[in-house]
file structure.cif (mmCIF, C-alpha atoms)
data_start
loop_
_atom_site.label_atom_id
_atom_site.label_comp_id
_atom_site.auth_asym_id
_atom_site.auth_seq_id
_atom_site.Cartn_x
_atom_site.Cartn_y
_atom_site.Cartn_z
CA MET Z 1 71.14 188.22 74.21
CA THR Z 2 68.33 188.95 76.67
CA GLU Z 3 69.17 190.67 79.95
CA ALA Z 4 68.72 188.57 83.10
CA LYS Z 5 66.03 190.85 84.52
CA THR Z 6 63.89 190.48 81.41
CA ILE Z 7 64.20 186.72 80.94
CA PRO Z 8 60.72 185.21 81.33
CA GLN Z 9 60.43 183.02 84.40
CA HIS Z 10 58.01 180.67 82.65
CA VAL Z 11 57.81 179.96 78.91
CA ALA Z 12 55.06 177.80 77.43
CA ILE Z 13 55.22 176.44 73.90
CA ILE Z 14 52.55 175.06 71.56
CA MET Z 15 54.75 172.79 69.46
CA ASP Z 16 52.81 172.79 66.19
CA GLY Z 17 53.73 171.70 62.69
CA ASN Z 18 55.24 168.21 62.97
CA GLY Z 19 52.72 166.66 60.59
CA ARG Z 20 53.04 169.46 58.05
CA TRP Z 21 56.84 169.23 58.20
CA ALA Z 22 56.68 165.52 57.39
CA ARG Z 23 54.09 165.96 54.63
CA GLU Z 24 56.19 168.63 52.89
CA ARG Z 25 59.01 166.09 52.74
CA GLY Z 26 56.91 163.13 51.69
CA LEU Z 27 57.54 161.39 55.00
CA PRO Z 28 55.19 159.57 57.42
CA ARG Z 29 53.78 161.82 60.15
CA ILE Z 30 55.73 159.99 62.83
CA GLU Z 31 58.97 161.21 61.25
CA GLY Z 32 57.80 164.76 61.89
CA HIS Z 33 57.25 163.87 65.53
CA ARG Z 34 60.72 162.35 65.74
CA ALA Z 35 62.23 165.51 64.27
CA GLY Z 36 60.15 167.50 66.74
CA SER Z 37 61.77 165.58 69.60
CA ASP Z 38 65.13 166.95 68.49
CA SER Z 39 63.75 170.49 68.69
CA ALA Z 40 62.36 169.80 72.15
CA ARG Z 41 65.75 168.56 73.31
CA GLU Z 42 67.52 171.67 71.99
CA ILE Z 43 65.00 174.13 73.43
CA VAL Z 44 65.03 172.46 76.87
CA THR Z 45 68.82 172.77 76.95
CA ALA Z 46 68.75 176.37 75.71
CA ALA Z 47 66.07 177.42 78.21
CA GLY Z 48 68.11 176.04 81.10
CA GLU Z 49 71.28 177.74 79.91
CA ILE Z 50 69.54 181.10 79.51
CA GLY Z 51 67.98 181.04 82.97
CA VAL Z 52 64.32 180.25 82.28
CA LYS Z 53 62.92 178.59 85.43
CA TYR Z 54 59.89 176.79 83.97
CA LEU Z 55 59.26 175.48 80.46
CA THR Z 56 55.90 173.94 79.58
CA LEU Z 57 55.64 171.99 76.33
CA TYR Z 58 52.24 171.11 74.88
CA ALA Z 59 53.25 167.56 73.98
CA PHE Z 60 49.91 165.76 73.56
CA SER Z 61 46.45 167.29 73.82
CA ILE Z 62 43.39 165.44 75.04
CA GLU Z 63 41.94 165.98 71.55
CA ASN Z 64 44.93 164.15 70.02
CA TRP Z 65 43.37 160.85 71.12
CA ARG Z 66 40.95 161.32 68.19
CA ARG Z 67 43.80 160.71 65.74
CA PRO Z 68 44.21 157.25 64.14
CA ARG Z 69 45.14 154.60 66.67
CA GLU Z 70 48.36 153.77 64.81
CA GLU Z 71 49.53 157.36 65.17
CA THR Z 72 48.65 157.74 68.86
CA SER Z 73 50.31 154.40 69.65
CA ALA Z 74 53.45 155.47 67.80
CA LEU Z 75 53.42 158.80 69.64
CA MET Z 76 53.17 157.08 73.00
CA ARG Z 77 56.09 154.79 72.13
CA LEU Z 78 58.09 157.84 71.06
CA LEU Z 79 57.18 159.60 74.31
CA THR Z 80 58.25 156.62 76.40
CA LYS Z 81 61.57 156.37 74.55
CA PHE Z 82 62.17 160.12 74.89
CA LEU Z 83 61.50 160.02 78.64
CA LYS Z 84 63.93 157.14 79.10
CA ASP Z 85 66.67 158.32 76.76
CA GLU Z 86 66.70 161.89 78.09
CA ILE Z 87 67.40 161.02 81.72
CA PRO Z 88 71.20 161.47 81.42
CA THR Z 89 70.77 164.81 79.62
CA LEU Z 90 68.21 166.02 82.14
CA HIS Z 91 70.63 165.20 84.96
CA LYS Z 92 73.54 166.81 83.14
CA ASN Z 93 71.56 170.02 82.73
CA ASN Z 94 70.03 169.87 86.25
CA VAL Z 95 66.48 169.69 84.82
CA ARG Z 96 63.52 168.49 86.90
CA LEU Z 97 60.66 166.85 84.99
CA GLU Z 98 57.00 167.37 85.82
CA ALA Z 99 53.78 166.67 83.90
CA ILE Z 100 50.22 167.97 83.78
CA GLY Z 101 47.04 166.55 82.27
CA ARG Z 102 44.93 163.44 82.65
CA LEU Z 103 48.00 161.28 82.98
CA ALA Z 104 45.95 158.16 83.74
CA ASP Z 105 44.86 158.25 80.07
CA LEU Z 106 48.39 157.38 78.97
CA PRO Z 107 49.25 153.73 78.25
CA GLU Z 108 50.83 151.88 81.15
CA HIS Z 109 54.33 151.83 79.68
CA SER Z 110 54.25 155.62 79.26
CA GLN Z 111 52.88 156.17 82.76
CA LYS Z 112 55.59 154.00 84.30
CA GLN Z 113 58.43 155.72 82.44
CA LEU Z 114 57.01 159.15 83.19
CA ALA Z 115 56.81 158.31 86.90
CA GLU Z 116 60.38 156.96 86.86
CA THR Z 117 61.82 159.99 85.05
CA ARG Z 118 60.03 162.33 87.42
CA ARG Z 119 61.32 160.36 90.39
CA VAL Z 120 64.97 160.32 89.36
CA THR Z 121 65.03 164.02 88.42
CA ALA Z 122 63.04 165.23 91.42
CA LYS Z 123 66.06 166.65 93.24
CA ASN Z 124 67.40 168.65 90.29
CA THR Z 125 67.30 172.37 90.99
CA GLY Z 126 67.59 174.05 87.59
CA LEU Z 127 64.91 174.32 84.94
CA THR Z 128 61.58 172.63 85.62
CA LEU Z 129 60.34 171.01 82.41
CA ILE Z 130 56.57 170.49 82.41
CA LEU Z 131 55.08 168.20 79.78
CA ALA Z 132 51.38 168.72 79.04
CA LEU Z 133 50.14 165.20 78.26
CA SER Z 134 46.55 164.23 77.54
CA TYR Z 135 45.99 167.86 78.45
CA GLY Z 136 43.11 170.21 77.67
CA GLY Z 137 42.45 173.60 79.22
CA ARG Z 138 38.69 173.05 79.48
CA THR Z 139 39.21 169.57 80.91
CA GLU Z 140 41.56 171.05 83.49
CA MET Z 141 38.87 173.53 84.52
CA VAL Z 142 36.24 170.76 84.75
CA ASP Z 143 38.54 168.71 86.97
CA GLY Z 144 39.25 171.81 89.07
CA VAL Z 145 35.55 172.60 89.51
CA ARG Z 146 34.91 169.02 90.58
CA LYS Z 147 37.67 169.30 93.18
CA ILE Z 148 36.18 172.52 94.56
CA ALA Z 149 32.65 171.06 94.52
CA THR Z 150 33.88 168.09 96.55
CA GLU Z 151 35.40 170.43 99.15
CA VAL Z 152 32.10 172.35 99.39
CA ARG Z 153 30.09 169.13 99.69
CA GLU Z 154 32.36 167.87 102.45
CA GLY Z 155 32.09 171.14 104.34
CA ARG Z 156 35.74 172.15 103.97
CA LEU Z 157 34.90 175.19 101.83
CA ARG Z 158 31.98 177.61 101.68
CA PRO Z 159 30.79 178.90 98.27
CA GLU Z 160 31.43 182.51 99.30
CA GLN Z 161 35.07 181.60 99.98
CA ILE Z 162 35.70 180.67 96.35
CA ASN Z 163 37.90 183.24 94.59
CA GLU Z 164 40.59 183.36 91.90
CA GLU Z 165 43.16 181.87 94.26
CA THR Z 166 40.83 178.94 95.03
CA ILE Z 167 40.39 178.20 91.35
CA ALA Z 168 44.12 178.53 90.59
CA ALA Z 169 44.90 176.13 93.42
CA SER Z 170 42.51 173.54 91.96
CA LEU Z 171 44.27 173.39 88.58
CA TYR Z 172 46.99 170.98 87.42
CA THR Z 173 49.43 173.90 87.45
CA SER Z 174 48.88 174.91 91.08
CA SER Z 175 52.58 174.39 91.88
CA PHE Z 176 53.85 176.58 89.02
CA PRO Z 177 53.66 180.29 88.16
CA ASP Z 178 51.60 181.41 85.19
CA PRO Z 179 53.51 181.64 81.89
CA ASP Z 180 55.12 184.97 81.08
CA LEU Z 181 55.58 184.09 77.41
CA LEU Z 182 53.63 181.74 75.13
CA ILE Z 183 55.28 180.69 71.88
CA ARG Z 184 53.33 179.03 69.07
CA THR Z 185 55.03 177.57 66.04
CA SER Z 186 53.57 176.95 62.52
CA GLY Z 187 51.85 180.33 62.31
CA GLU Z 188 48.42 179.31 63.63
CA MET Z 189 46.62 182.08 65.54
CA ARG Z 190 44.86 180.17 68.31
CA LEU Z 191 45.43 178.80 71.81
CA SER Z 192 44.18 175.29 70.96
CA ASN Z 193 42.74 174.70 74.44
CA PHE Z 194 46.12 175.28 76.13
CA LEU Z 195 46.47 176.87 79.59
CA LEU Z 196 43.29 178.90 79.15
CA TRP Z 197 43.19 180.18 82.73
CA GLN Z 198 46.92 180.64 83.14
CA THR Z 199 47.53 182.72 79.99
CA SER Z 200 45.19 185.59 80.88
CA TYR Z 201 48.08 188.09 80.83
CA THR Z 202 50.72 186.06 79.04
CA GLU Z 203 52.68 187.67 76.21
CA ILE Z 204 52.21 185.76 72.94
CA TRP Z 205 54.79 185.25 70.18
CA ILE Z 206 53.84 183.41 67.00
CA THR Z 207 56.24 182.21 64.30
CA PRO Z 208 55.50 180.55 60.95
CA THR Z 209 58.41 178.17 61.57
CA LEU Z 210 57.28 174.56 61.92
CA TRP Z 211 58.25 172.95 65.21
CA PRO Z 212 60.91 170.55 63.82
CA ASP Z 213 62.73 173.61 62.42
CA PHE Z 214 62.39 175.67 65.62
CA ARG Z 215 65.79 175.74 67.28
CA LYS Z 216 67.82 177.90 69.66
CA PRO Z 217 68.31 180.95 67.33
CA GLU Z 218 64.56 181.38 66.92
CA PHE Z 219 63.97 180.77 70.62
CA LEU Z 220 66.39 183.61 71.36
CA LYS Z 221 64.49 185.77 68.89
CA ALA Z 222 61.28 185.17 70.85
CA LEU Z 223 62.99 186.07 74.12
CA GLU Z 224 64.44 189.22 72.59
CA ASP Z 225 60.99 190.29 71.44
CA TYR Z 226 59.65 189.62 74.95
CA ARG Z 227 62.42 191.78 76.43
CA LYS Z 228 61.18 194.79 74.45
CA ARG Z 229 57.60 194.54 75.65
CA GLN Z 230 56.00 196.50 78.46
CA ARG Z 231 53.75 194.21 80.51
CA ARG Z 232 50.82 196.12 82.02
CA PHE Z 233 48.52 193.37 83.35
CA GLY Z 234 45.44 195.43 82.51
CA GLY Z 235 46.91 198.72 83.75
CA VAL Z 236 48.32 201.65 81.82
CA GLU Z 237 51.82 202.10 80.51
CA PRO Z 238 53.98 204.19 82.87
CA THR Z 239 54.60 207.74 81.63
#
call {"tool": "encode", "arguments": {"input": "structure.cif", "output": "structure tokens"}}
result
Amino acid sequence: MTEAKTIPQHVAIIMDGNGRWARERGLPRIEGHRAGSDSAREIVTAAGEIGVKYLTLYAFSIENWRRPREETSALMRLLTKFLKDEIPTLHKNNVRLEAIGRLADLPEHSQKQLAETRRVTAKNTGLTLILALSYGGRTEMVDGVRKIATEVREGRLRPEQINEETIAASLYTSSFPDPDLLIRTSGEMRLSNFLLWQTSYTEIWITPTLWPDFRKPEFLKALEDYRKRQRRFGGVEPT
């Protein structure tokens, strides 16, 4: 078990492998996504129990809209059902729900349920669960630059005042700390346009396990590996 002082405050997860999991079993892709929902439920519960403060799940990228319409529609229905069905569990575990991304891209039924689940969990004080929906790291930066440009145009900000803090404050994640640990399932070695600014000094842990098979024991393994690391943030290791 990880020691309290070495538990990451913020864990981000690229939940990859649902489609491959379904294909290996001769099932439709949506069945992989349904199985992935079970993993998400277990990891959210485990993170809260362990003492993680923020958990960001890469649930739907902005590039995912390029998938067949039948699949994206099924995914949005699954998302809406998950958001509604999980309210009692979120309350039980004192979890507050938040979301980042171009949320206006979501269908109306998903937007409404997302807003309702956020509203009814807003006063919970345990884990903050952040769903990245219609999210892309480059898109986030574009939206942030537009926000800053508007402030400059309106005279509320001078170009020479722009610094790292200004940029960080313009991003979707301005209310949350940067991730301490990034987990990617399915063995792929890439960030996939996820939290590009925020992961500058994030520790990365990659597992070949497909997301529907990623459960609490492997999550604990990732946290144990994190505990053994020495974070230097560009400096040198203490002697």
call {"tool": "atom_distance", "arguments": {"input": "structure.cif", "atom1": "atom CA of Z:Ser186", "atom2": "atom CA of Z:Arg102"}}
result
25.7 Å
call {"tool": "closest_residue", "arguments": {"input": "structure.cif", "among": "Z:Arg29, Z:Arg96, Z:Arg119, Z:His91", "to": "Z:Leu75", "atoms": "all atoms listed in the file"}}
result
Z:Arg29
call {"tool": "closest_residue", "arguments": {"input": "structure.cif", "among": "Z:Ser170, Z:Gln111, Z:Asn18, Z:Asn64", "to": "Z:Lys84", "atoms": "all atoms listed in the file"}}
result
Z:Gln111
call {"tool": "residues_around", "arguments": {"input": "structure.cif", "residues": "Z:Lys147", "least_positions_apart": "5", "cutoff": "12 Å", "atoms": "all atoms listed in the file", "output": "PyMOL selection string"}}
result
chain Z and resi 140-142+152-154+156-157+162+166-172
call {"tool": "residues_around", "arguments": {"input": "structure.cif", "residues": "Z:Gly32", "least_positions_apart": "3", "cutoff": "8 Å", "atoms": "only C-alpha atoms", "output": "list in words"}}
result
Asn18, Gly19, Arg20, Trp21, Ala22, Leu27, Pro28, Arg29, Ala35, Gly36 and Pro212 of chain Z
call {"tool": "write_last_selection", "arguments": {"input": "structure.cif", "atoms": "C-alpha atoms", "output": "short mmCIF file (atom, residue, chain, number, x, y, z; two decimals), keeping the file's coordinate frame"}}
result
data_model
loop_
_atom_site.label_atom_id
_atom_site.label_comp_id
_atom_site.auth_asym_id
_atom_site.auth_seq_id
_atom_site.Cartn_x
_atom_site.Cartn_y
_atom_site.Cartn_z
CA ASN Z 18 55.24 168.21 62.97
CA GLY Z 19 52.72 166.66 60.59
CA ARG Z 20 53.04 169.46 58.05
CA TRP Z 21 56.84 169.23 58.20
CA ALA Z 22 56.68 165.52 57.39
CA LEU Z 27 57.54 161.39 55.00
CA PRO Z 28 55.19 159.57 57.42
CA ARG Z 29 53.78 161.82 60.15
CA ALA Z 35 62.23 165.51 64.27
CA GLY Z 36 60.15 167.50 66.74
CA PRO Z 212 60.91 170.55 63.82
#
call {"tool": "closest_residue", "arguments": {"input": "structure.cif", "among": "Z:Arg138, Z:Lys92, Z:His33, Z:Arg77", "to": "Z:Ser192", "atoms": "only C-alpha atoms"}}
result
Z:Arg138
call {"tool": "closest_residue", "arguments": {"input": "structure.cif", "among": "Z:Ile87, Z:Leu191, Z:Leu127, Z:Leu133", "to": "Z:Asp105", "atoms": "all atoms listed in the file"}}
result
Z:Leu133
call {"tool": "atom_distance", "arguments": {"input": "structure.cif", "atom1": "atom CA of Z:Leu182", "atom2": "atom CA of Z:Tyr226"}}
result
9.9 Å
call {"tool": "atom_distance", "arguments": {"input": "structure.cif", "atom1": "atom CA of Z:Ile50", "atom2": "atom CA of Z:Asp225"}}
result
14.9 Å
call {"tool": "residues_around", "arguments": {"input": "structure.cif", "residues": "Z:Glu218", "least_positions_apart": "4", "cutoff": "10 Å", "atoms": "all atoms listed in the file", "output": "PDB file with C-alpha atoms, in the coordinates of the input"}}
result
ATOM      1  CA  ILE Z  43      65.000 174.130  73.430  1.00  0.00           C
ATOM      2  CA  THR Z 207      56.240 182.210  64.300  1.00  0.00           C
ATOM      3  CA  THR Z 209      58.410 178.170  61.570  1.00  0.00           C
ATOM      4  CA  ASP Z 213      62.730 173.610  62.420  1.00  0.00           C
ATOM      5  CA  PHE Z 214      62.390 175.670  65.620  1.00  0.00           C
ATOM      6  CA  ALA Z 222      61.280 185.170  70.850  1.00  0.00           C
ATOM      7  CA  LEU Z 223      62.990 186.070  74.120  1.00  0.00           C
ATOM      8  CA  GLU Z 224      64.440 189.220  72.590  1.00  0.00           C
TER       9      GLU Z 224
END
call {"tool": "closest_residue", "arguments": {"input": "structure.cif", "among": "Z:Thr125, Z:Ser134, Z:Thr80, Z:Ser37", "to": "Z:Gly51", "atoms": "all atoms listed in the file"}}
result
Z:Thr125
call {"tool": "closest_residue", "arguments": {"input": "structure.cif", "among": "Z:His10, Z:Arg146, Z:Arg229, Z:Arg34", "to": "Z:Pro177", "atoms": "all atoms listed in the file"}}
result
Z:His10
call {"tool": "residues_around", "arguments": {"input": "structure.cif", "residues": "Z:Asn94", "least_positions_apart": "4", "cutoff": "9 Å", "atoms": "all atoms listed in the file", "output": "count of residues only"}}
result
10
call {"tool": "resolve_selection", "arguments": {"input": "structure.cif", "expression": "the PyMOL selection byres ((chain Z and resi 178) around 8)", "output": "compact mmCIF listing (two decimals) with C-alpha atoms, in the coordinates of the input"}}
result
# COMPACT_ATOMS: atom_id res chain seq x y z
CA HIS Z 10 58.01 180.67 82.65
CA PHE Z 176 53.85 176.58 89.02
CA PRO Z 177 53.66 180.29 88.16
CA PRO Z 179 53.51 181.64 81.89
CA ASP Z 180 55.12 184.97 81.08
CA GLN Z 198 46.92 180.64 83.14
CA THR Z 199 47.53 182.72 79.99
CA THR Z 202 50.72 186.06 79.04
